[in-house]
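Colleague: What follows is model28.cif, made up of mmCIF, C-alpha atoms:
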```cif
data_final
loop_
_atom_site.group_PDB
_atom_site.id
_atom_site.type_symbol
_atom_site.label_atom_id
_atom_site.label_comp_id
_atom_site.auth_asym_id
_atom_site.auth_seq_id
_atom_site.Cartn_x
_atom_site.Cartn_y
_atom_site.Cartn_z
ATOM 1 C CA MET A 1 4.692 16.947 11.257
ATOM 2 C CA PRO A 2 5.696 16.129 7.649
ATOM 3 C CA GLU A 3 7.968 13.297 8.641
ATOM 4 C CA TYR A 4 4.972 11.539 10.140
ATOM 5 C CA ASN A 5 2.700 12.016 7.155
ATOM 6 C CA ASN A 6 2.924 8.346 6.257
ATOM 7 C CA THR A 7 2.779 7.048 9.794
ATOM 8 C CA GLN A 8 0.089 4.454 10.105
ATOM 9 C CA ILE A 9 -1.810 4.332 13.331
ATOM 10 C CA VAL A 10 -3.875 1.443 14.556
ATOM 11 C CA TYR A 11 -6.997 2.440 16.407
ATOM 12 C CA SER A 12 -10.025 0.752 17.766
ATOM 13 C CA VAL A 13 -13.241 2.494 18.602
ATOM 14 C CA PHE A 14 -13.430 1.795 22.284
ATOM 15 C CA SER A 15 -17.142 1.555 22.720
ATOM 16 C CA ASP A 16 -18.149 0.105 19.370
ATOM 17 C CA SER A 17 -15.702 -2.536 18.348
ATOM 18 C CA THR A 18 -12.689 -4.462 19.467
ATOM 19 C CA THR A 19 -11.449 -4.779 15.902
ATOM 20 C CA ALA A 20 -8.412 -2.663 15.200
ATOM 21 C CA CYS A 21 -8.530 -0.522 12.093
ATOM 22 C CA THR A 22 -5.765 1.434 10.466
ATOM 23 C CA ILE A 23 -5.772 5.098 9.649
ATOM 24 C CA SER A 24 -3.052 7.389 8.410
ATOM 25 C CA PHE A 25 -1.772 10.090 10.703
ATOM 26 C CA ASN A 26 -3.051 12.751 8.317
ATOM 27 C CA ASP A 27 -6.486 11.220 8.158
ATOM 28 C CA LEU A 28 -6.601 10.845 11.901
ATOM 29 C CA THR A 29 -5.721 14.453 12.550
ATOM 30 C CA ASN A 30 -7.981 15.630 9.762
ATOM 31 C CA ASN A 31 -10.858 13.674 11.240
ATOM 32 C CA LEU A 32 -10.222 14.752 14.794
ATOM 33 C CA CYS A 33 -9.220 18.356 14.190
ATOM 34 C CA ARG A 34 -12.571 19.414 12.901
ATOM 35 C CA ASP A 35 -11.676 23.075 12.717
ATOM 36 C CA ASN A 36 -8.663 22.315 10.523
ATOM 37 C CA SER A 37 -6.259 23.058 13.346
ATOM 38 C CA THR A 38 -3.092 21.011 13.146
ATOM 39 C CA ILE A 39 -1.284 19.011 15.731
ATOM 40 C CA SER A 40 2.122 17.393 15.717
ATOM 41 C CA PHE A 41 2.490 13.672 16.212
ATOM 42 C CA ASN A 42 4.474 14.261 19.413
ATOM 43 C CA ASP A 43 1.842 16.661 20.706
ATOM 44 C CA LEU A 44 -0.827 14.119 19.957
ATOM 45 C CA MET A 45 0.994 11.322 21.695
ATOM 46 C CA ASN A 46 1.936 13.480 24.702
ATOM 47 C CA ASN A 47 -1.661 14.491 25.274
ATOM 48 C CA LEU A 48 -3.108 11.051 25.283
ATOM 49 C CA CYS A 49 -5.069 9.913 28.250
ATOM 50 C CA ARG A 50 -3.659 6.790 29.871
ATOM 51 C CA ASP A 51 -5.704 4.309 31.838
ATOM 52 C CA ASN A 52 -4.509 2.221 34.765
ATOM 53 C CA ASN A 53 -3.200 -0.479 32.452
ATOM 54 C CA GLY A 54 -1.011 1.969 30.589
ATOM 55 C CA SER A 55 -3.115 1.887 27.431
ATOM 56 C CA CYS A 56 -3.405 5.153 25.544
ATOM 57 C CA PHE A 57 -6.741 6.648 24.673
ATOM 58 C CA TYR A 58 -7.560 9.691 22.677
ATOM 59 C CA TYR A 59 -10.911 11.414 22.920
ATOM 60 C CA SER A 60 -12.518 12.233 19.627
ATOM 61 C CA ASP A 61 -13.842 15.511 20.996
ATOM 62 C CA TYR A 62 -10.585 16.625 22.596
ATOM 63 C CA TYR A 63 -9.414 18.558 19.575
ATOM 64 C CA SER A 64 -12.789 19.765 18.423
ATOM 65 C CA GLY A 65 -11.543 23.242 19.312
ATOM 66 C CA THR A 66 -8.160 24.636 18.425
ATOM 67 C CA THR A 67 -5.203 23.007 20.063
ATOM 68 C CA ALA A 68 -4.630 26.226 21.981
ATOM 69 C CA ASN A 69 -7.953 26.199 23.813
ATOM 70 C CA ALA A 70 -8.770 22.518 23.774
ATOM 71 C CA GLN A 71 -9.933 21.142 27.087
ATOM 72 C CA PRO A 72 -7.908 18.392 28.716
ATOM 73 C CA PRO A 73 -9.231 14.862 28.284
ATOM 74 C CA ARG A 74 -12.046 13.979 30.607
ATOM 75 C CA GLN A 75 -12.003 10.959 32.833
ATOM 76 C CA LEU A 76 -12.180 7.899 30.619
ATOM 77 C CA GLU A 77 -15.744 6.689 30.354
ATOM 78 C CA HIS A 78 -16.720 3.467 28.692
ATOM 79 C CA SER A 79 -19.594 5.170 26.919
ATOM 80 C CA SER A 80 -17.232 7.592 25.212
ATOM 81 C CA VAL A 81 -15.725 6.986 21.849
ATOM 82 C CA ALA A 82 -12.008 6.811 22.339
ATOM 83 C CA TYR A 83 -9.130 5.722 20.210
ATOM 84 C CA GLU A 84 -6.417 3.360 21.274
ATOM 85 C CA LEU A 85 -3.319 4.433 19.440
ATOM 86 C CA HIS A 86 0.022 3.009 18.663
ATOM 87 C CA GLU A 87 2.234 3.003 15.661
ATOM 88 C CA GLN A 88 1.540 0.146 13.336
ATOM 89 C CA VAL A 89 4.089 -2.608 13.096
ATOM 90 C CA PRO A 90 4.771 -3.234 9.403
ATOM 91 C CA GLU A 91 3.013 -6.552 9.074
ATOM 92 C CA ALA A 92 3.349 -7.131 5.347
ATOM 93 C CA GLY A 93 7.039 -7.938 5.727
ATOM 94 C CA ALA A 94 6.308 -10.337 8.554
ATOM 95 C CA VAL A 95 3.683 -12.121 6.477
ATOM 96 C CA VAL A 96 6.065 -12.483 3.561
ATOM 97 C CA ASP A 97 8.834 -13.773 5.828
ATOM 98 C CA GLU A 98 6.476 -16.329 7.329
ATOM 99 C CA ILE A 99 5.387 -17.512 3.902
ATOM 100 C CA LEU A 100 8.956 -17.730 2.703
ATOM 101 C CA GLN A 101 9.978 -19.932 5.609
ATOM 102 C CA GLU A 102 7.206 -22.325 4.648
ATOM 103 C CA VAL A 103 8.111 -22.232 0.965
ATOM 104 C CA VAL A 104 11.794 -22.936 1.615
ATOM 105 C CA ARG A 105 10.867 -25.884 3.803
ATOM 106 C CA TYR A 106 9.226 -27.487 0.779
ATOM 107 C CA GLY A 107 12.228 -26.952 -1.420
ATOM 108 C CA LEU A 108 11.138 -24.085 -3.626
ATOM 109 C CA HIS A 109 13.828 -21.669 -4.640
ATOM 110 C CA VAL A 110 13.596 -18.281 -2.962
ATOM 111 C CA SER A 111 15.854 -15.366 -3.679
ATOM 112 C CA GLU A 112 15.860 -11.725 -2.849
ATOM 113 C CA ASN A 113 16.430 -9.336 -5.692
ATOM 114 C CA PRO A 114 20.251 -9.122 -5.766
ATOM 115 C CA VAL A 115 20.234 -5.323 -5.901
ATOM 116 C CA GLU A 116 21.316 -4.082 -2.497
ATOM 117 C CA SER A 117 18.808 -1.468 -1.335
ATOM 118 C CA ALA A 118 15.034 -1.860 -1.222
ATOM 119 C CA SER A 119 14.497 1.366 -3.184
ATOM 120 C CA ASP A 120 16.936 0.267 -5.896
ATOM 121 C CA ARG A 121 15.185 -3.100 -6.129
ATOM 122 C CA ALA A 122 11.835 -1.380 -6.476
ATOM 123 C CA ARG A 123 13.206 0.964 -9.120
ATOM 124 C CA GLU A 124 14.607 -2.005 -11.037
ATOM 125 C CA LEU A 125 11.264 -3.807 -10.856
ATOM 126 C CA LEU A 126 9.426 -0.693 -12.016
ATOM 127 C CA ASN A 127 11.829 -0.251 -14.924
ATOM 128 C CA GLU A 128 10.953 -3.726 -16.186
ATOM 129 C CA PHE A 129 7.413 -2.568 -16.896
ATOM 130 C CA LEU A 130 7.959 0.937 -18.228
ATOM 131 C CA THR A 131 8.352 1.638 -21.902
ATOM 132 C CA ASP A 132 11.468 3.493 -23.004
ATOM 133 C CA GLU A 133 9.402 6.681 -23.295
ATOM 134 C CA GLN A 134 7.823 6.259 -19.857
ATOM 135 C CA ARG A 135 11.279 5.633 -18.355
ATOM 136 C CA ARG A 136 12.722 8.709 -20.032
ATOM 137 C CA ILE A 137 9.927 10.927 -18.700
ATOM 138 C CA TYR A 138 10.153 9.377 -15.241
ATOM 139 C CA ASP A 139 13.901 9.989 -15.082
ATOM 140 C CA LYS A 140 13.462 13.581 -16.152
ATOM 141 C CA LYS A 141 10.174 14.628 -14.529
ATOM 142 C CA GLN A 142 9.573 12.032 -11.789
ATOM 143 C CA TYR A 143 6.185 10.915 -13.007
ATOM 144 C CA ILE A 144 4.816 8.098 -15.152
ATOM 145 C CA GLU A 145 2.479 8.822 -18.023
ATOM 146 C CA VAL A 146 -0.092 6.147 -18.731
ATOM 147 C CA VAL A 147 -3.129 5.849 -20.967
ATOM 148 C CA THR A 148 -5.253 2.929 -19.790
ATOM 149 C CA PRO A 149 -7.268 0.532 -21.973
ATOM 150 C CA SER A 150 -10.367 2.638 -21.173
ATOM 151 C CA GLY A 151 -8.665 5.623 -22.809
ATOM 152 C CA ARG A 152 -8.211 7.591 -19.582
ATOM 153 C CA SER A 153 -4.937 9.456 -19.166
ATOM 154 C CA TYR A 154 -3.003 9.690 -15.886
ATOM 155 C CA HIS A 155 0.247 11.007 -14.482
ATOM 156 C CA LEU A 156 1.577 9.019 -11.524
ATOM 157 C CA HIS A 157 3.875 11.286 -9.556
ATOM 158 C CA ARG A 158 6.677 9.893 -7.413
ATOM 159 C CA SER A 159 4.906 9.798 -4.066
ATOM 160 C CA TYR A 160 2.510 7.632 -2.055
ATOM 161 C CA MET A 161 -0.659 9.599 -1.684
ATOM 162 C CA ARG A 162 -2.691 12.048 -3.774
ATOM 163 C CA ASN A 163 -0.085 11.509 -6.458
ATOM 164 C CA ILE A 164 -2.282 10.521 -9.410
ATOM 165 C CA LEU A 165 -3.532 13.241 -11.724
ATOM 166 C CA GLU A 166 -6.174 12.409 -14.318
ATOM 167 C CA TYR A 167 -6.222 14.461 -17.517
ATOM 168 C CA ASN A 168 -8.930 15.093 -20.065
ATOM 169 C CA ALA A 169 -8.349 15.013 -23.815
ATOM 170 C CA GLY A 170 -7.529 18.713 -23.725
ATOM 171 C CA GLY A 171 -4.624 18.169 -21.352
ATOM 172 C CA ASP A 172 -6.331 19.648 -18.287
ATOM 173 C CA VAL A 173 -6.234 17.983 -14.880
ATOM 174 C CA ILE A 174 -9.758 16.853 -14.024
ATOM 175 C CA ASN A 175 -9.196 14.666 -10.950
ATOM 176 C CA ILE A 176 -6.675 14.132 -8.171
ATOM 177 C CA ILE A 177 -6.753 10.476 -7.206
ATOM 178 C CA CYS A 178 -5.521 8.945 -3.971
ATOM 179 C CA GLY A 179 -5.239 5.167 -3.965
ATOM 180 C CA HIS A 180 -2.064 3.563 -2.698
ATOM 181 C CA ILE A 181 -0.660 0.376 -1.231
ATOM 182 C CA ALA A 182 -1.602 0.034 2.398
ATOM 183 C CA GLU A 183 1.943 -0.916 3.361
ATOM 184 C CA THR A 184 3.605 2.492 3.236
ATOM 185 C CA GLU A 185 6.922 1.021 4.398
ATOM 186 C CA CYS A 186 7.329 -0.333 0.874
ATOM 187 C CA PRO A 187 9.579 1.640 -1.487
ATOM 188 C CA VAL A 188 7.799 4.417 -3.364
ATOM 189 C CA GLU A 189 8.520 2.795 -6.750
ATOM 190 C CA ASP A 190 6.644 -0.312 -5.584
ATOM 191 C CA ASN A 191 3.684 1.949 -4.872
ATOM 192 C CA LEU A 192 3.938 3.455 -8.360
ATOM 193 C CA LEU A 193 4.088 0.029 -9.971
ATOM 194 C CA ALA A 194 1.085 -1.128 -7.939
ATOM 195 C CA GLN A 195 -0.859 1.941 -9.077
ATOM 196 C CA LEU A 196 0.250 1.378 -12.670
ATOM 197 C CA PHE A 197 -0.892 -2.265 -12.626
ATOM 198 C CA HIS A 198 -4.226 -1.457 -11.013
ATOM 199 C CA LEU A 199 -4.973 1.396 -13.393
ATOM 200 C CA THR A 200 -4.042 -0.745 -16.385
ATOM 201 C CA PHE A 201 -5.642 -4.066 -15.429
ATOM 202 C CA ASN A 202 -8.118 -3.267 -12.652
ATOM 203 C CA GLU A 203 -9.117 0.336 -13.304
ATOM 204 C CA ASP A 204 -12.788 0.273 -12.318
ATOM 205 C CA GLU A 205 -12.125 -1.412 -8.965
ATOM 206 C CA PHE A 206 -9.151 0.850 -8.280
ATOM 207 C CA ARG A 207 -11.276 3.935 -8.927
ATOM 208 C CA ARG A 208 -13.979 2.535 -6.653
ATOM 209 C CA ILE A 209 -11.495 2.166 -3.786
ATOM 210 C CA ALA A 210 -9.566 5.382 -4.409
ATOM 211 C CA ASN A 211 -10.505 8.823 -3.198
ATOM 212 C CA ILE A 212 -11.177 10.935 -6.303
ATOM 213 C CA VAL A 213 -11.228 14.693 -5.935
ATOM 214 C CA PRO A 214 -12.558 16.566 -8.990
ATOM 215 C CA ILE A 215 -10.781 19.740 -10.003
ATOM 216 C CA ILE A 216 -13.340 22.439 -10.636
ATOM 217 C CA MET B 1 10.096 -22.213 -14.384
ATOM 218 C CA GLY B 2 7.396 -20.008 -12.922
ATOM 219 C CA GLU B 3 8.273 -17.035 -10.758
ATOM 220 C CA MET B 4 6.393 -15.002 -8.164
ATOM 221 C CA ARG B 5 7.744 -11.600 -7.213
ATOM 222 C CA VAL B 6 6.293 -10.352 -3.975
ATOM 223 C CA MET B 7 6.529 -6.669 -3.082
ATOM 224 C CA GLY B 8 7.542 -5.959 0.499
ATOM 225 C CA ILE B 9 9.391 -3.532 2.700
ATOM 226 C CA LYS B 10 12.737 -4.966 1.587
ATOM 227 C CA GLY B 11 11.867 -4.717 -2.077
ATOM 228 C CA ASP B 12 10.639 -7.704 -4.062
ATOM 229 C CA THR B 13 11.316 -11.311 -3.126
ATOM 230 C CA ARG B 14 11.331 -13.980 -5.804
ATOM 231 C CA ILE B 15 9.834 -17.435 -5.427
ATOM 232 C CA SER B 16 10.219 -19.856 -8.292
ATOM 233 C CA TRP B 17 8.701 -23.263 -8.995
ATOM 234 C CA ASP B 18 9.078 -26.002 -11.554
ATOM 235 C CA PRO B 19 5.667 -26.679 -13.181
ATOM 236 C CA THR B 20 6.702 -30.295 -13.877
ATOM 237 C CA LYS B 21 7.176 -31.085 -10.177
ATOM 238 C CA LYS B 22 3.948 -31.790 -8.327
ATOM 239 C CA VAL B 23 5.233 -30.843 -4.882
ATOM 240 C CA GLU B 24 6.557 -27.488 -6.063
ATOM 241 C CA VAL B 25 3.306 -26.716 -7.863
ATOM 242 C CA LYS B 26 1.361 -27.608 -4.727
ATOM 243 C CA VAL B 27 3.444 -25.298 -2.553
ATOM 244 C CA ALA B 28 3.381 -22.530 -5.138
ATOM 245 C CA ARG B 29 -0.418 -22.798 -5.276
ATOM 246 C CA LYS B 30 -0.630 -22.671 -1.493
ATOM 247 C CA THR B 31 1.670 -19.643 -1.452
ATOM 248 C CA PHE B 32 -0.461 -17.930 -4.084
ATOM 249 C CA GLU B 33 -3.634 -18.550 -2.098
ATOM 250 C CA ARG B 34 -2.022 -17.391 1.136
ATOM 251 C CA LEU B 35 -0.857 -14.125 -0.404
ATOM 252 C CA ILE B 36 -4.306 -13.463 -1.889
ATOM 253 C CA LYS B 37 -5.856 -14.171 1.496
ATOM 254 C CA GLU B 38 -3.456 -11.662 3.057
ATOM 255 C CA GLY B 39 -4.811 -8.985 0.723
ATOM 256 C CA TYR B 40 -2.255 -9.093 -2.070
ATOM 257 C CA THR B 41 -3.343 -8.737 -5.678
ATOM 258 C CA ALA B 42 -1.670 -10.910 -8.312
ATOM 259 C CA PHE B 43 -0.861 -9.718 -11.816
ATOM 260 C CA GLU B 44 0.242 -12.255 -14.393
ATOM 261 C CA ILE B 45 2.812 -10.882 -16.789
ATOM 262 C CA GLY B 46 2.986 -12.291 -20.297
ATOM 263 C CA LYS B 47 6.040 -12.483 -22.514
ATOM 264 C CA ASN B 48 7.453 -9.033 -23.329
ATOM 265 C CA ASN B 49 4.947 -7.661 -20.789
ATOM 266 C CA GLU B 50 2.145 -8.341 -23.251
ATOM 267 C CA LYS B 51 -1.146 -10.057 -22.445
ATOM 268 C CA SER B 52 -0.782 -9.186 -18.786
ATOM 269 C CA SER B 53 -3.793 -9.337 -16.496
ATOM 270 C CA MET B 54 -4.987 -9.484 -12.918
ATOM 271 C CA VAL B 55 -5.513 -13.079 -11.803
ATOM 272 C CA ALA B 56 -7.442 -14.581 -8.907
ATOM 273 C CA GLU B 57 -6.503 -18.228 -9.371
ATOM 274 C CA PHE B 58 -3.146 -19.933 -9.592
ATOM 275 C CA ASP B 59 -2.038 -21.309 -12.954
ATOM 276 C CA PRO B 60 1.028 -23.591 -12.679
ATOM 277 C CA GLU B 61 2.008 -22.597 -16.208
ATOM 278 C CA SER B 62 2.272 -18.884 -15.334
ATOM 279 C CA GLU B 63 5.721 -17.574 -16.108
ATOM 280 C CA LYS B 64 5.719 -14.448 -13.979
ATOM 281 C CA LEU B 65 3.388 -13.210 -11.256
ATOM 282 C CA ILE B 66 3.747 -9.881 -9.467
ATOM 283 C CA PHE B 67 2.128 -9.601 -6.037
ATOM 284 C CA VAL B 68 1.060 -6.145 -4.969
ATOM 285 C CA PRO B 69 0.061 -5.357 -1.362
ATOM 286 C CA GLN B 70 -3.495 -4.305 -0.626
ATOM 287 C CA ILE B 71 -4.646 -0.985 -2.063
ATOM 288 C CA ARG B 72 -6.658 1.550 -0.157
ATOM 289 C CA GLY B 73 -8.053 4.996 -0.747
ATOM 290 C CA GLY B 74 -6.501 8.057 0.824
#
```
Once more with this new file: its structure as structure tokens, please.
Modeller:
Amino acid sequence: MPEYNNTQIVYSVFSDSTTACTISFNDLTNNLCRDNSTISFNDLMNNLCRDNNGSCFYYSDYYSGTTANAQPPRQLEHSSVAYELHEQVPEAGAVVDEILQEVVRYGLHVSENPVESASDRARELLNEFLTDEQRRIYDKKQYIEVVTPSGRSYHLHRSYMRNILEYNAGGDVINIICGHIAETECPVEDNLLAQLFHLTFNEDEFRRIANIVPII
Amino acid sequence: MGEMRVMGIKGDTRISWDPTKKVEVKVARKTFERLIKEGYTAFEIGKNNEKSSMVAEFDPESEKLIFVPQIRGG
């Protein structure tokens, strides 16, 4: 399952809305496996109910028990809440490509960062905005230390989710914060830079959006 | 020259415009607005990374803008 932790899944609530929403694989399984049982991505996909058109549906109550004694999906009923699932196509890249085509047509200069790999480009971009001390700590410990204009202190660990620790003045962790870029196909250093910018210049709104778990 | 750096799955892409050329400013503004509409957040970076801020409107005189994809809670 770990390799699918960042998999984004598009779902639509069958009976309530035709608007697709996105949800992470972890959140999906956490929401659906109410007894904290776990399920692999393959298991999930193999147990989907298919309708005559080949669309996949997943019953929200299917995994209300453990995976071992869960009942097979019932016949699809329009009154049931079901989830249409498929892996999300990374749309951010497509949007950028579309915009770039338009921009080039009007003669603006467009260039990709000359560094070869996406992760190296992201690391280079991140480095531009770290102080020498932040860079030294990041190289050694894989996290970024930041004190925001509000005076709050954070460590941004090299990951996508649940990677921000908030510290009090005594050096104790008081909150674990999860707020990340929606496009998880982006390099992890881009995510760190996005978090760094938001915490520095947009902290209140970032904290409103993020999931903040207090450490008792 | 102004520069936008847009984060994406291939790393950042750079778009630059000449603030003295009306057509380039117009397209840069349109690009800015399109990216904001797509959920990106723009941060204007001052010289030596000082006086940086989040911005919601395009300023042709901006020297460097970083576009960050939409943020969501986990």
Colleague: Could you please determine the separation between CA of Asn211 (chain A) and CA of Pro187 (chain A) in Å, to one decimal place?
Modeller: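 Atom-to-atom, CA of Asn211 (chain A) to CA of Pro187 (chain A), that is 21.4 Å.
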Colleague: Which distance in Å separates CA of Tyr167 (chain A) and CA of Val147 (chain A), to one decimal?
Modeller: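 CA of Tyr167 (chain A) sits 9.8 Å away from CA of Val147 (chain A).
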Colleague: Taking the file as shown, what set of residues would the PyMOL selection byres ((chain B and resi 35) around 9) give back, as a VMD selection string?
Modeller: (chain A and resid 95 to 96 99) or (chain B and resid 6 30 to 34 36 to 42 67 69)
Colleague: Any chance you could work out the residue set of the PyMOL selection byres ((chain B and resi 18) around 12) here, as a PyMOL selection string?
Modeller: (chain A and resi 107-109) or (chain B and resi 1-4+15-17+19-29+60-63)
Colleague: Could you list the residues in chain B lying within 7 Å of chain A, using all atoms listed in the file, and format the result as an mmCIF file with C-alpha atoms, keeping the file's coordinate frame?
Modeller:
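out_36.cif, written as the output of this step:
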```
data_model
loop_
_atom_site.group_PDB
_atom_site.id
_atom_site.type_symbol
_atom_site.label_atom_id
_atom_site.label_comp_id
_atom_site.auth_asym_id
_atom_site.auth_seq_id
_atom_site.Cartn_x
_atom_site.Cartn_y
_atom_site.Cartn_z
ATOM 1 C CA MET B 7 6.529 -6.669 -3.082
ATOM 2 C CA GLY B 8 7.542 -5.959 0.499
ATOM 3 C CA ILE B 9 9.391 -3.532 2.700
ATOM 4 C CA LYS B 10 12.737 -4.966 1.587
ATOM 5 C CA GLY B 11 11.867 -4.717 -2.077
ATOM 6 C CA ASP B 12 10.639 -7.704 -4.062
ATOM 7 C CA THR B 13 11.316 -11.311 -3.126
ATOM 8 C CA ARG B 14 11.331 -13.980 -5.804
ATOM 9 C CA ILE B 15 9.834 -17.435 -5.427
ATOM 10 C CA SER B 16 10.219 -19.856 -8.292
ATOM 11 C CA TRP B 17 8.701 -23.263 -8.995
ATOM 12 C CA GLU B 24 6.557 -27.488 -6.063
ATOM 13 C CA VAL B 27 3.444 -25.298 -2.553
ATOM 14 C CA THR B 31 1.670 -19.643 -1.452
ATOM 15 C CA ASN B 49 4.947 -7.661 -20.789
ATOM 16 C CA SER B 53 -3.793 -9.337 -16.496
ATOM 17 C CA MET B 54 -4.987 -9.484 -12.918
ATOM 18 C CA VAL B 68 1.060 -6.145 -4.969
ATOM 19 C CA PRO B 69 0.061 -5.357 -1.362
ATOM 20 C CA GLN B 70 -3.495 -4.305 -0.626
ATOM 21 C CA ILE B 71 -4.646 -0.985 -2.063
ATOM 22 C CA ARG B 72 -6.658 1.550 -0.157
ATOM 23 C CA GLY B 73 -8.053 4.996 -0.747
ATOM 24 C CA GLY B 74 -6.501 8.057 0.824
#
```
Colleague: Just to confirm, what's the straight-line distance from CA of Leu165 (chain A) to CA of Ile66 (chain B) in Å (one decimal)?
Modeller: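 Spanning CA of Leu165 (chain A) to CA of Ile66 (chain B) is a straight-line distance of 24.3 Å.
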Colleague: Written as a list in words, which residues does the PyMOL selection byres ((chain A and resi 144) around 6) give for the file shown?
Modeller: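 Here the PyMOL selection byres ((chain A and resi 144) around 6) matches Gln134, Tyr138, Tyr143, Glu145, His155 and Leu156 of chain A.
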Colleague: Please enclose the listed atoms of region 13-30 of chain B in an axis-aligned box, pad each side by 3 Å, and write out the centre and the three edge lengths in Å, rounded to one decimal, as AutoDock Vina command-line options.
Modeller:
```
--center_x 5.4 --center_y -21.6 --center_z -7.7 --size_x 18.0 --size_y 26.5 --size_z 18.4
```
